[in-house]
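Enquirer: See run_25.txt below, with compact mmCIF, C-alpha atoms and all ligand atoms.
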```txt
# COMPACT_ATOMS: atom_id res chain seq x y z
CA MET A 1 23.07 12.93 6.54
CA THR A 2 23.24 9.33 7.63
CA ASN A 3 25.51 6.60 6.34
CA LYS A 4 23.09 3.76 7.05
CA THR A 5 22.12 0.94 4.71
CA ALA A 6 18.51 -0.14 4.25
CA LEU A 7 17.04 -3.15 2.49
CA ILE A 8 13.51 -2.67 1.14
CA ILE A 9 11.61 -5.81 0.27
CA GLY A 10 8.82 -4.79 -2.10
CA VAL A 11 10.82 -1.85 -3.47
CA THR A 12 8.88 -1.80 -6.75
CA GLY A 13 5.53 -1.24 -5.01
CA GLN A 14 3.75 2.00 -4.15
CA ASP A 15 5.25 2.33 -0.67
CA GLY A 16 8.64 0.92 -1.68
CA SER A 17 9.08 3.70 -4.22
CA TYR A 18 8.20 6.53 -1.81
CA LEU A 19 10.30 5.01 0.96
CA THR A 20 13.29 4.71 -1.40
CA GLU A 21 12.98 8.42 -2.25
CA LEU A 22 12.77 9.34 1.45
CA LEU A 23 15.76 7.23 2.51
CA LEU A 24 17.93 8.44 -0.38
CA GLU A 25 17.13 12.03 0.64
CA LYS A 26 18.32 11.16 4.14
CA GLY A 27 21.64 9.81 2.80
CA TYR A 28 20.94 6.07 3.11
CA HIS A 29 22.36 3.43 0.81
CA VAL A 30 19.21 1.69 -0.37
CA HIS A 31 19.04 -1.89 -1.59
CA GLY A 32 15.76 -3.19 -2.97
CA LEU A 33 14.49 -6.68 -3.62
CA LYS A 34 12.66 -7.01 -6.95
CA ARG A 35 10.94 -10.02 -8.47
CA ARG A 36 11.87 -11.43 -11.82
CA SER A 37 9.05 -10.65 -14.21
CA SER A 38 8.54 -11.26 -17.93
CA SER A 39 7.74 -7.57 -18.35
CA PHE A 40 9.27 -4.51 -16.67
CA ASN A 41 8.06 -4.07 -13.08
CA THR A 42 10.29 -1.21 -11.95
CA ALA A 43 8.35 1.78 -13.36
CA ARG A 44 7.81 3.29 -9.89
CA VAL A 45 11.56 3.42 -9.14
CA ASP A 46 13.08 3.86 -12.60
CA HIS A 47 13.58 7.58 -11.95
CA LEU A 48 15.83 6.69 -9.01
CA TYR A 49 18.03 4.23 -10.86
CA VAL A 50 21.69 5.05 -11.44
CA ASP A 51 24.27 2.70 -12.86
CA PRO A 52 25.82 1.04 -9.78
CA ARG A 53 29.28 1.74 -11.29
CA THR A 54 28.64 5.49 -11.01
CA PRO A 55 30.70 6.91 -8.12
CA GLY A 56 28.39 7.75 -5.23
CA ALA A 57 25.52 5.56 -6.50
CA ARG A 58 23.37 4.72 -3.49
CA PHE A 59 20.48 2.71 -4.94
CA GLN A 60 20.75 -0.87 -6.09
CA MET A 61 18.31 -3.69 -6.74
CA HIS A 62 18.67 -7.45 -6.30
CA PHE A 63 16.52 -10.18 -7.73
CA GLY A 64 14.62 -12.11 -5.10
CA ASP A 65 11.34 -13.45 -3.88
CA LEU A 66 9.64 -13.84 -0.52
CA THR A 67 8.95 -17.48 -1.35
CA ASP A 68 12.69 -18.22 -1.66
CA ALA A 69 14.37 -18.53 1.74
CA MET A 70 17.90 -19.10 0.46
CA ASN A 71 17.73 -16.09 -1.78
CA LEU A 72 16.54 -13.89 1.10
CA CYS A 73 19.31 -15.21 3.32
CA ARG A 74 21.98 -14.53 0.67
CA VAL A 75 20.77 -11.02 -0.16
CA ILE A 76 20.58 -10.06 3.54
CA GLN A 77 24.06 -11.52 4.09
CA GLU A 78 25.48 -9.54 1.15
CA VAL A 79 23.79 -6.26 2.03
CA ARG A 80 24.21 -6.42 5.84
CA PRO A 81 21.51 -3.76 6.30
CA ASP A 82 21.04 -1.56 9.36
CA GLU A 83 17.30 -1.54 8.63
CA ILE A 84 15.01 -3.95 6.79
CA TYR A 85 11.58 -2.78 5.64
CA ASN A 86 9.36 -5.71 4.67
CA LEU A 87 6.80 -4.11 2.35
CA GLY A 88 6.61 -7.10 0.02
CA ALA A 89 3.23 -8.81 -0.24
CA GLN A 90 0.42 -10.05 -2.38
CA SER A 91 -1.39 -6.97 -1.15
CA HIS A 92 -4.86 -7.22 -2.72
CA VAL A 93 -7.71 -8.42 -0.47
CA GLN A 94 -9.99 -9.58 -3.30
CA VAL A 95 -7.14 -11.43 -5.04
CA SER A 96 -6.34 -13.21 -1.78
CA PHE A 97 -9.71 -14.98 -1.94
CA GLU A 98 -8.62 -16.37 -5.34
CA THR A 99 -5.05 -17.17 -4.29
CA PRO A 100 -5.18 -17.95 -0.56
CA GLU A 101 -2.24 -20.35 -0.50
CA TYR A 102 0.07 -18.08 -2.49
CA THR A 103 -0.96 -15.14 -0.30
CA ALA A 104 -0.10 -17.11 2.84
CA ASN A 105 3.20 -18.23 1.38
CA THR A 106 4.26 -14.70 0.47
CA ASP A 107 2.71 -12.59 3.22
CA ALA A 108 2.90 -14.97 6.19
CA LEU A 109 5.78 -17.38 5.50
CA GLY A 110 7.69 -14.71 3.57
CA THR A 111 7.87 -12.68 6.78
CA LEU A 112 9.03 -15.71 8.73
CA ARG A 113 11.76 -16.34 6.11
CA ILE A 114 13.18 -12.84 6.57
CA LEU A 115 13.09 -13.06 10.36
CA GLU A 116 14.75 -16.49 10.29
CA ALA A 117 17.43 -15.23 7.91
CA MET A 118 18.15 -12.41 10.36
CA ARG A 119 18.41 -14.98 13.20
CA ILE A 120 20.63 -17.37 11.22
CA LEU A 121 22.91 -14.49 10.22
CA LYS A 122 22.96 -13.31 13.85
CA LEU A 123 21.99 -9.75 12.85
CA GLY A 124 20.07 -9.43 16.13
CA ALA A 125 20.18 -5.94 17.57
CA ASP A 126 22.39 -4.63 14.72
CA CYS A 127 19.51 -4.69 12.29
CA ARG A 128 16.09 -3.12 12.81
CA TYR A 129 13.03 -4.69 11.20
CA TYR A 130 9.81 -3.04 10.00
CA GLN A 131 6.75 -5.18 9.22
CA ALA A 132 4.03 -3.78 6.94
CA SER A 133 0.99 -4.73 9.00
CA THR A 134 -2.47 -3.60 8.06
CA SER A 135 -5.78 -2.26 9.34
CA GLU A 136 -7.36 -5.30 7.63
CA LEU A 137 -6.32 -7.17 10.80
CA PHE A 138 -9.20 -5.45 12.64
CA GLY A 139 -11.90 -6.70 10.30
CA GLY A 140 -13.95 -3.52 10.68
CA LEU A 141 -16.97 -5.07 12.42
CA GLY A 142 -17.77 -2.22 14.82
CA GLU A 143 -18.10 1.50 14.14
CA THR A 144 -15.51 2.86 16.56
CA ALA A 145 -11.96 3.99 15.79
CA GLN A 146 -9.38 1.20 15.88
CA ARG A 147 -6.22 1.45 17.97
CA GLU A 148 -3.21 -0.72 18.75
CA ASP A 149 -5.21 -2.57 21.46
CA THR A 150 -8.39 -3.16 19.42
CA PRO A 151 -9.02 -6.92 19.03
CA PHE A 152 -8.26 -8.43 15.63
CA HIS A 153 -10.78 -10.25 13.45
CA PRO A 154 -9.19 -10.95 10.04
CA ARG A 155 -11.84 -11.37 7.32
CA SER A 156 -9.79 -12.44 4.29
CA PRO A 157 -6.91 -14.79 3.47
CA TYR A 158 -4.81 -11.62 3.12
CA ALA A 159 -5.69 -10.43 6.61
CA ALA A 160 -5.16 -13.88 8.14
CA ALA A 161 -1.71 -14.14 6.51
CA LYS A 162 -0.82 -10.66 7.74
CA LEU A 163 -1.97 -11.65 11.25
CA TYR A 164 0.62 -14.44 11.29
CA ALA A 165 3.28 -11.98 10.11
CA TYR A 166 2.23 -9.48 12.79
CA TRP A 167 2.61 -12.02 15.57
CA MET A 168 5.87 -13.48 14.26
CA THR A 169 7.34 -9.98 14.29
CA ILE A 170 6.36 -9.66 17.94
CA ASN A 171 7.53 -13.20 18.66
CA TYR A 172 11.04 -12.54 17.32
CA ARG A 173 11.13 -9.34 19.36
CA GLU A 174 10.16 -11.15 22.56
CA ALA A 175 12.04 -14.42 21.98
CA TYR A 176 15.30 -13.12 20.50
CA GLY A 177 15.41 -9.44 21.43
CA PHE A 178 15.01 -8.22 17.83
CA HIS A 179 14.34 -4.54 17.20
CA ALA A 180 11.23 -5.56 15.23
CA SER A 181 8.17 -3.34 14.90
CA ASN A 182 4.76 -3.43 13.25
CA GLY A 183 3.25 -0.45 11.49
CA ILE A 184 -0.50 -1.10 11.41
CA LEU A 185 -1.26 1.10 8.45
CA PHE A 186 -4.69 2.14 7.29
CA ASN A 187 -5.33 2.49 3.55
CA HIS A 188 -2.92 4.85 1.89
CA GLU A 189 -3.05 5.88 -1.72
CA SER A 190 -1.26 8.01 -4.29
CA PRO A 191 -0.87 8.36 -8.05
CA ARG A 192 1.37 5.26 -7.74
CA ARG A 193 -1.34 3.10 -6.14
CA GLY A 194 -1.97 -0.23 -7.88
CA GLU A 195 -4.61 0.15 -10.57
CA THR A 196 -7.06 -2.41 -9.16
CA PHE A 197 -7.46 -0.79 -5.74
CA VAL A 198 -10.71 1.11 -5.62
CA THR A 199 -9.24 4.64 -5.36
CA ARG A 200 -6.94 4.31 -8.36
CA LYS A 201 -9.57 2.40 -10.32
CA ILE A 202 -11.89 5.37 -9.79
CA THR A 203 -9.34 8.10 -10.60
CA ARG A 204 -8.20 6.28 -13.75
CA ALA A 205 -11.82 5.89 -14.85
CA VAL A 206 -12.58 9.58 -14.25
CA ALA A 207 -9.58 10.48 -16.42
CA ALA A 208 -10.40 7.93 -19.12
CA ILE A 209 -14.02 9.14 -19.28
CA GLU A 210 -12.78 12.73 -19.63
CA TRP A 211 -10.60 11.76 -22.62
CA GLY A 212 -13.36 9.66 -24.21
CA MET A 213 -11.44 6.41 -23.70
CA GLN A 214 -14.01 4.75 -21.39
CA ASP A 215 -17.80 5.09 -21.05
CA LYS A 216 -18.52 3.72 -17.64
CA LEU A 217 -17.08 2.74 -14.29
CA TYR A 218 -18.22 -0.55 -12.73
CA LEU A 219 -17.87 -0.82 -8.95
CA GLY A 220 -18.89 -3.12 -6.09
CA ASN A 221 -19.85 -2.02 -2.58
CA LEU A 222 -20.21 1.78 -2.40
CA GLU A 223 -21.03 1.89 1.32
CA THR A 224 -17.78 0.60 2.84
CA LYS A 225 -15.87 3.16 4.82
CA ARG A 226 -12.13 3.66 4.73
CA ASP A 227 -9.57 5.89 6.41
CA TRP A 228 -7.60 6.99 3.34
CA GLY A 229 -4.27 8.79 3.67
CA HIS A 230 -1.38 9.60 1.33
CA ALA A 231 1.44 7.05 0.96
CA LYS A 232 4.07 9.80 1.15
CA ASP A 233 3.02 10.62 4.71
CA TYR A 234 2.94 6.96 5.69
CA VAL A 235 6.51 6.10 4.61
CA GLU A 236 7.71 8.93 6.85
CA GLY A 237 5.87 7.15 9.69
CA MET A 238 7.56 3.82 8.85
CA TRP A 239 10.97 5.45 9.06
CA ARG A 240 10.13 7.13 12.37
CA ILE A 241 9.03 3.78 13.82
CA LEU A 242 12.50 2.34 13.17
CA GLN A 243 14.28 5.38 14.66
CA GLN A 244 12.81 4.71 18.14
CA ASP A 245 15.17 3.29 20.78
CA ALA A 246 12.68 0.53 21.60
CA PRO A 247 10.69 -1.51 19.08
CA ASP A 248 6.89 -1.23 19.28
CA ASP A 249 3.69 -1.40 17.22
CA TYR A 250 1.91 1.69 15.90
CA VAL A 251 -1.31 2.55 14.07
CA LEU A 252 -0.78 5.05 11.24
CA ALA A 253 -4.06 6.60 10.07
CA THR A 254 -5.70 9.96 9.39
CA GLY A 255 -8.55 9.59 11.90
CA GLU A 256 -11.05 10.52 9.15
CA VAL A 257 -13.44 8.19 7.38
CA HIS A 258 -15.11 8.31 3.94
CA THR A 259 -17.30 5.92 1.97
CA VAL A 260 -16.38 4.61 -1.46
CA ARG A 261 -19.37 6.62 -2.71
CA GLU A 262 -17.84 9.84 -1.32
CA PHE A 263 -14.54 9.03 -3.01
CA VAL A 264 -16.34 8.61 -6.36
CA GLU A 265 -18.23 11.89 -5.95
CA CYS A 266 -15.10 13.77 -4.93
CA ALA A 267 -13.09 12.35 -7.86
CA PHE A 268 -15.70 13.34 -10.48
CA ASP A 269 -15.99 16.74 -8.83
CA VAL A 270 -12.30 17.38 -9.62
CA VAL A 271 -13.18 17.40 -13.35
CA GLY A 272 -16.34 19.44 -12.78
CA ARG A 273 -18.91 16.64 -12.88
CA THR A 274 -21.61 16.23 -10.22
CA ILE A 275 -22.89 12.68 -9.72
CA VAL A 276 -26.54 11.98 -8.96
CA TRP A 277 -27.61 8.50 -7.89
CA GLU A 278 -30.75 6.55 -8.80
CA GLY A 279 -31.94 3.09 -7.83
CA HIS A 280 -30.78 0.78 -5.05
CA GLY A 281 -28.37 -2.10 -4.47
CA VAL A 282 -27.03 -3.73 -7.62
CA ASP A 283 -29.44 -1.60 -9.71
CA GLU A 284 -28.01 1.69 -8.50
CA VAL A 285 -26.66 3.98 -11.23
CA GLY A 286 -24.60 7.19 -11.05
CA TYR A 287 -25.42 9.89 -13.64
CA ASP A 288 -23.67 13.09 -14.61
CA ARG A 289 -26.16 15.73 -13.44
CA LYS A 290 -25.54 18.05 -16.40
CA SER A 291 -25.19 15.69 -19.37
CA GLY A 292 -27.32 12.85 -18.00
CA GLU A 293 -24.62 10.33 -19.00
CA ARG A 294 -24.80 7.02 -17.15
CA LEU A 295 -21.29 6.91 -15.65
CA ILE A 296 -21.35 4.42 -12.77
CA GLU A 297 -22.94 1.01 -12.51
CA ILE A 298 -22.70 -1.78 -9.96
CA ASP A 299 -21.11 -5.10 -10.88
CA PRO A 300 -21.72 -7.80 -8.23
CA ARG A 301 -18.42 -9.45 -9.23
CA TYR A 302 -16.67 -6.78 -7.18
CA PHE A 303 -18.49 -7.69 -3.97
CA ARG A 304 -16.28 -9.65 -1.58
CA PRO A 305 -17.08 -13.01 0.04
CA ALA A 306 -16.56 -11.29 3.41
CA GLU A 307 -16.45 -7.49 3.55
CA VAL A 308 -14.61 -5.18 5.92
CA ASP A 309 -17.23 -2.48 6.38
CA PHE A 310 -15.59 0.12 8.55
CA LEU A 311 -11.93 1.08 8.94
CA LEU A 312 -11.11 4.20 10.91
CA GLY A 313 -7.81 4.51 12.74
CA ASP A 314 -6.87 6.36 15.89
CA PRO A 315 -3.29 7.55 15.31
CA GLY A 316 -2.94 8.97 18.86
CA LYS A 317 0.00 6.79 19.86
CA ALA A 318 1.97 7.61 16.69
CA TRP A 319 1.36 11.31 17.30
CA ALA A 320 2.39 11.14 20.96
CA ARG A 321 5.46 8.90 20.57
CA LEU A 322 6.68 9.50 17.00
CA GLY A 323 5.48 13.05 16.51
CA TRP A 324 3.83 11.75 13.33
CA SER A 325 0.66 13.05 11.78
CA PRO A 326 -0.56 13.11 8.18
CA THR A 327 -0.08 16.31 6.19
CA ILE A 328 -2.12 15.64 3.04
CA SER A 329 -5.92 16.02 3.25
CA PHE A 330 -8.49 13.69 1.69
CA SER A 331 -9.53 16.25 -0.95
CA ASN A 332 -5.91 17.01 -1.89
CA LEU A 333 -5.19 13.29 -2.17
CA VAL A 334 -8.16 12.77 -4.49
CA SER A 335 -7.34 15.76 -6.69
CA GLU A 336 -3.65 14.79 -6.95
CA MET A 337 -4.65 11.28 -8.06
CA VAL A 338 -7.25 12.49 -10.57
CA MET A 339 -4.97 15.14 -12.10
CA SER A 340 -2.11 12.68 -12.37
CA ASP A 341 -4.35 10.18 -14.19
CA VAL A 342 -5.72 12.91 -16.45
CA ASN A 343 -2.11 13.52 -17.55
CA VAL A 344 -1.33 9.80 -17.88
CA MET A 345 -4.44 9.27 -20.03
CA MET A 346 -3.66 12.31 -22.17
CA ARG A 347 -0.29 10.78 -23.06
CA GLU A 348 -1.92 7.37 -23.66
CA LYS A 349 -4.55 8.93 -25.93
CA GLY A 350 -1.84 10.82 -27.79
CA ARG A 351 0.02 7.55 -28.43
CA ASN A 352 -3.19 5.79 -29.56
CA ASP A 353 -4.08 8.66 -31.92
CA LEU A 354 -0.56 8.68 -33.34
CA HIS A 355 -0.60 4.95 -34.08
CA GLY A 356 -4.15 5.00 -35.44
P1 LIG B 401 2.07 -2.95 -3.56
O1 LIG B 401 1.19 -4.08 -3.96
O2 LIG B 401 2.10 -1.70 -4.37
O3 LIG B 401 3.58 -3.49 -3.50
C1 LIG B 401 3.88 -4.78 -3.05
C2 LIG B 401 5.34 -5.07 -3.33
O4 LIG B 401 5.60 -6.45 -2.95
C3 LIG B 401 5.72 -4.97 -4.82
O5 LIG B 401 7.04 -4.49 -4.90
C4 LIG B 401 5.65 -6.42 -5.27
O6 LIG B 401 6.45 -6.69 -6.40
C5 LIG B 401 6.23 -7.10 -4.04
N1 LIG B 401 5.93 -8.52 -4.00
C6 LIG B 401 4.76 -9.14 -4.20
N2 LIG B 401 4.90 -10.48 -4.09
C7 LIG B 401 6.22 -10.70 -3.81
C8 LIG B 401 6.99 -11.85 -3.62
N3 LIG B 401 6.47 -13.07 -3.67
N4 LIG B 401 8.32 -11.70 -3.36
C9 LIG B 401 8.87 -10.47 -3.31
N5 LIG B 401 8.19 -9.34 -3.50
C10 LIG B 401 6.86 -9.44 -3.75
O7 LIG B 401 1.73 -2.63 -2.04
P2 LIG B 401 1.90 -1.24 -1.25
O8 LIG B 401 3.18 -0.61 -1.62
O9 LIG B 401 0.63 -0.48 -1.36
O10 LIG B 401 1.96 -1.76 0.25
C11 LIG B 401 3.20 -2.09 0.87
C12 LIG B 401 2.96 -3.08 2.00
O11 LIG B 401 2.09 -2.50 2.95
C13 LIG B 401 2.30 -4.39 1.56
O12 LIG B 401 2.83 -5.42 2.36
C14 LIG B 401 0.83 -4.18 1.89
O13 LIG B 401 0.19 -5.40 2.13
C15 LIG B 401 0.95 -3.33 3.15
N6 LIG B 401 -0.15 -2.43 3.40
C16 LIG B 401 -0.55 -1.55 2.42
C17 LIG B 401 -1.58 -0.67 2.66
C18 LIG B 401 -2.01 0.31 1.63
O14 LIG B 401 -3.08 0.91 1.81
N7 LIG B 401 -1.24 0.55 0.57
C19 LIG B 401 -2.28 -0.65 3.97
C20 LIG B 401 -1.70 -1.55 4.95
C21 LIG B 401 -0.69 -2.40 4.65
P3 LIG B 401 5.88 -6.44 -7.91
O15 LIG B 401 6.02 -4.97 -8.14
O16 LIG B 401 6.78 -7.27 -8.74
O17 LIG B 401 4.45 -6.88 -7.90
P1 LIG B 402 -8.82 -2.75 0.76
O1 LIG B 402 -9.44 -1.86 1.79
O2 LIG B 402 -7.41 -3.11 1.05
O3 LIG B 402 -9.65 -3.92 0.41
O4 LIG B 402 -8.68 -1.79 -0.55
P2 LIG B 402 -9.52 -1.71 -1.91
O5 LIG B 402 -9.17 -0.39 -2.50
O6 LIG B 402 -9.26 -2.91 -2.75
O7 LIG B 402 -11.05 -1.73 -1.45
C1 LIG B 402 -11.58 -0.74 -0.60
C2 LIG B 402 -13.09 -0.93 -0.50
O8 LIG B 402 -13.68 -0.61 -1.75
C3 LIG B 402 -13.51 -2.37 -0.19
O9 LIG B 402 -14.50 -2.33 0.81
C4 LIG B 402 -14.11 -2.87 -1.49
O10 LIG B 402 -15.15 -3.83 -1.33
C5 LIG B 402 -14.68 -1.57 -2.04
N1 LIG B 402 -14.90 -1.61 -3.50
C6 LIG B 402 -16.05 -1.29 -4.15
N2 LIG B 402 -15.92 -1.45 -5.46
C7 LIG B 402 -14.65 -1.90 -5.67
C8 LIG B 402 -13.92 -2.23 -6.85
O11 LIG B 402 -14.41 -2.19 -7.96
N3 LIG B 402 -12.61 -2.62 -6.68
C9 LIG B 402 -12.03 -2.67 -5.44
N4 LIG B 402 -10.73 -3.03 -5.35
N5 LIG B 402 -12.71 -2.38 -4.31
C10 LIG B 402 -14.00 -1.98 -4.43
```
Show the structure stored in the file as structure tokens.
Ligand code: NDP
Ligand code: GDP

Expert:
Amino acid sequence: MTNKTALIIGVTGQDGSYLTELLLEKGYHVHGLKRRSSSFNTARVDHLYVDPRTPGARFQMHFGDLTDAMNLCRVIQEVRPDEIYNLGAQSHVQVSFETPEYTANTDALGTLRILEAMRILKLGADCRYYQASTSELFGGLGETAQREDTPFHPRSPYAAAKLYAYWMTINYREAYGFHASNGILFNHESPRRGETFVTRKITRAVAAIEWGMQDKLYLGNLETKRDWGHAKDYVEGMWRILQQDAPDDYVLATGEVHTVREFVECAFDVVGRTIVWEGHGVDEVGYDRKSGERLIEIDPRYFRPAEVDFLLGDPGKAWARLGWSPTISFSNLVSEMVMSDVNVMMREKGRNDLHG
């Protein structure tokens, strides 16, 4: 068991919650940065909370925001972490087209603010830094697997902001000798994935349709291809990246690609429905083969101004240097997400029925 202290920025997110679980298991003291919100935003980590006055409590949260440099500086000074994981971001590609300035402020300048705070506080080599970089940096224009040396072509305000953060991480490593590393992570999902990402949107809809709480699922581009892994595997990779003697940048991916269409088919299959498709483009419809119900329609609102068509990662370097490889298959990921949402919806339906 270790006695290290970690600070997780973005602790309330999908990855933040799994990483907190992992680090607590390893004996870390974990501090998390959470945003002030008018409604509760800690559901993903509530099961880990213990009153900080409890002897032996090892998990604590601090209010803060990536847009607030002084706050970041103060929290880092108070916590004096051995490791900082910057997972905080406006993380939705489509939303970044609507909020490009805010996305840049949080994802790009937010990263700079943390790195500068570490420099001002002279944490230097005593504190290791992990940057949540993304496969969106590649832009997915070709159809070959992407590696650490594949050229970048960001195709959204989100990706452009993350490109700045990627390079600033490397810049602080080269200029000031920081132990600062990028994890270039391909899409990773789980039952805790945000509800507007396509995977979770699909698994929630499958569950809601099963319980009679929704008739139809509206989607955008069904042909895009993604390399989808499980978030639990990926937080293990993040931790391994920071345990290396030398900082470096690593792709974490499964090396397997699926279309959105395949994800939909696989998700409905979990509840015993086979989807048949008719029509083309925006007129395409997905039917339940047995009942003939019209379950999936296309809504052009979900098409993006610039699409990333093909993301497939080559995790060879992570395997060779970190001994990391994913353990959860695509079909197990999809069934875990669907079954979890079936249970969530069952409880929701029960509450609705109870209250009329
Ligand atoms: P989530 O969107 O689930 O979590 C993002 C976290 O950042 C949340 O805790 C959120 O807080 C917090 N946050 C957002 N804005 C701010 C802000 N201004 N100040 C402080 N905190 C903020 O993302 P994931 O957990 O899925 O991803 C983690 C990181 O990895 C992100 O940086 C994402 O861009 C990146 N990434 C994710 C991939 C994926 O497939 N999941 C792939 C590649 C990279 P709140 O809960 O209050 O919203
Ligand atoms: P991203 O890869 O980070 O953009 O993750 P998303 O889960 O948001 O999107 C993955 C892919 O699904 C993208 O190519 C989207 O264009 C596509 N997609 C198709 N329909 C939808 C939809 O209704 N919502 C979302 N979020 N994405 C969709």

Enquirer: As a list in words, please: the residues near Ser96 (chain A) (cut-off 12 Å, only C-alpha atoms, same-chain neighbours under 4 positions excluded).

Expert: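 Once the adjacent positions are removed, what remains is Ala89, Gln90, Ser91, His92, Pro100, Glu101, Tyr102, Thr103, Ala104, Asn105, Thr106, Asp107, Arg155, Ser156, Pro157, Tyr158, Ala159, Ala160, Ala161, Lys162, Arg304, Pro305 and Ala306 of chain A.
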
Enquirer: For those residues, write C-alpha atoms to a file as a CSV table (one decimal), in the frame of the given file.

Expert:
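See part_25.csv below for the written result:
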```
chain,number,residue,atom,x,y,z
A,89,ALA,CA,3.2,-8.8,-0.2
A,90,GLN,CA,0.4,-10.0,-2.4
A,91,SER,CA,-1.4,-7.0,-1.2
A,92,HIS,CA,-4.9,-7.2,-2.7
A,100,PRO,CA,-5.2,-18.0,-0.6
A,101,GLU,CA,-2.2,-20.4,-0.5
A,102,TYR,CA,0.1,-18.1,-2.5
A,103,THR,CA,-1.0,-15.1,-0.3
A,104,ALA,CA,-0.1,-17.1,2.8
A,105,ASN,CA,3.2,-18.2,1.4
A,106,THR,CA,4.3,-14.7,0.5
A,107,ASP,CA,2.7,-12.6,3.2
A,155,ARG,CA,-11.8,-11.4,7.3
A,156,SER,CA,-9.8,-12.4,4.3
A,157,PRO,CA,-6.9,-14.8,3.5
A,158,TYR,CA,-4.8,-11.6,3.1
A,159,ALA,CA,-5.7,-10.4,6.6
A,160,ALA,CA,-5.2,-13.9,8.1
A,161,ALA,CA,-1.7,-14.1,6.5
A,162,LYS,CA,-0.8,-10.7,7.7
A,304,ARG,CA,-16.3,-9.6,-1.6
A,305,PRO,CA,-17.1,-13.0,0.0
A,306,ALA,CA,-16.6,-11.3,3.4
```

Enquirer: Pick the closest to Gly194 (chain A) from A:Arg321, A:His31, A:Arg273, A:Arg44: which is it, counting all atoms listed in the file?

Expert: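 Among the listed residues, the smallest separation from Gly194 (chain A) belongs to A:Arg44.
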
Enquirer: Taking all atoms listed in the file into account, name the residue in A:Pro247, A:Gly212, A:Pro191, A:Gly183 that is nearest to Tyr234 (chain A).

Expert: A:Gly183

Enquirer: At a cut-off of 10 Å, using all atoms listed in the file, what residues contact region 223-232 of chain A? Leave out same-chain residues fewer than 6 positions from it and give the result as an mmCIF file with C-alpha atoms, in the coordinates of the input.

Expert:
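See selection_34.cif below for the written result:
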```
data_model
loop_
_atom_site.group_PDB
_atom_site.id
_atom_site.type_symbol
_atom_site.label_atom_id
_atom_site.label_comp_id
_atom_site.auth_asym_id
_atom_site.auth_seq_id
_atom_site.Cartn_x
_atom_site.Cartn_y
_atom_site.Cartn_z
ATOM 1 C CA GLN A 14 3.750 2.000 -4.150
ATOM 2 C CA ASP A 15 5.250 2.330 -0.670
ATOM 3 C CA GLY A 16 8.640 0.920 -1.680
ATOM 4 C CA SER A 17 9.080 3.700 -4.220
ATOM 5 C CA TYR A 18 8.200 6.530 -1.810
ATOM 6 C CA LEU A 19 10.300 5.010 0.960
ATOM 7 C CA GLU A 21 12.980 8.420 -2.250
ATOM 8 C CA LEU A 22 12.770 9.340 1.450
ATOM 9 C CA SER A 135 -5.780 -2.260 9.340
ATOM 10 C CA GLY A 140 -13.950 -3.520 10.680
ATOM 11 C CA GLU A 143 -18.100 1.500 14.140
ATOM 12 C CA ALA A 145 -11.960 3.990 15.790
ATOM 13 C CA LEU A 185 -1.260 1.100 8.450
ATOM 14 C CA PHE A 186 -4.690 2.140 7.290
ATOM 15 C CA ASN A 187 -5.330 2.490 3.550
ATOM 16 C CA HIS A 188 -2.920 4.850 1.890
ATOM 17 C CA GLU A 189 -3.050 5.880 -1.720
ATOM 18 C CA SER A 190 -1.260 8.010 -4.290
ATOM 19 C CA PRO A 191 -0.870 8.360 -8.050
ATOM 20 C CA ARG A 192 1.370 5.260 -7.740
ATOM 21 C CA ARG A 193 -1.340 3.100 -6.140
ATOM 22 C CA THR A 199 -9.240 4.640 -5.360
ATOM 23 C CA LEU A 252 -0.780 5.050 11.240
ATOM 24 C CA ALA A 253 -4.060 6.600 10.070
ATOM 25 C CA THR A 254 -5.700 9.960 9.390
ATOM 26 C CA GLY A 255 -8.550 9.590 11.900
ATOM 27 C CA GLU A 256 -11.050 10.520 9.150
ATOM 28 C CA VAL A 257 -13.440 8.190 7.380
ATOM 29 C CA HIS A 258 -15.110 8.310 3.940
ATOM 30 C CA THR A 259 -17.300 5.920 1.970
ATOM 31 C CA VAL A 260 -16.380 4.610 -1.460
ATOM 32 C CA ARG A 261 -19.370 6.620 -2.710
ATOM 33 C CA GLU A 262 -17.840 9.840 -1.320
ATOM 34 C CA PHE A 263 -14.540 9.030 -3.010
ATOM 35 C CA GLU A 307 -16.450 -7.490 3.550
ATOM 36 C CA VAL A 308 -14.610 -5.180 5.920
ATOM 37 C CA ASP A 309 -17.230 -2.480 6.380
ATOM 38 C CA PHE A 310 -15.590 0.120 8.550
ATOM 39 C CA LEU A 311 -11.930 1.080 8.940
ATOM 40 C CA LEU A 312 -11.110 4.200 10.910
ATOM 41 C CA GLY A 313 -7.810 4.510 12.740
ATOM 42 C CA ASP A 314 -6.870 6.360 15.890
ATOM 43 C CA PRO A 326 -0.560 13.110 8.180
ATOM 44 C CA THR A 327 -0.080 16.310 6.190
ATOM 45 C CA ILE A 328 -2.120 15.640 3.040
ATOM 46 C CA SER A 329 -5.920 16.020 3.250
ATOM 47 C CA PHE A 330 -8.490 13.690 1.690
ATOM 48 C CA ASN A 332 -5.910 17.010 -1.890
ATOM 49 C CA LEU A 333 -5.190 13.290 -2.170
ATOM 50 C CA VAL A 334 -8.160 12.770 -4.490
#
```

Enquirer: Taking all atoms of region 245-252 of chain A that appear in the file, build a box with edges along x, y and z, extend it by 6 Å on every side, and state its centre and edge lengths in Å to one decimal, as lines of an AutoDock Vina configuration file.

Expert:
```
center_x = 6.9
center_y = 1.8
center_z = 16.4
size_x = 28.5
size_y = 18.6
size_z = 22.4
```
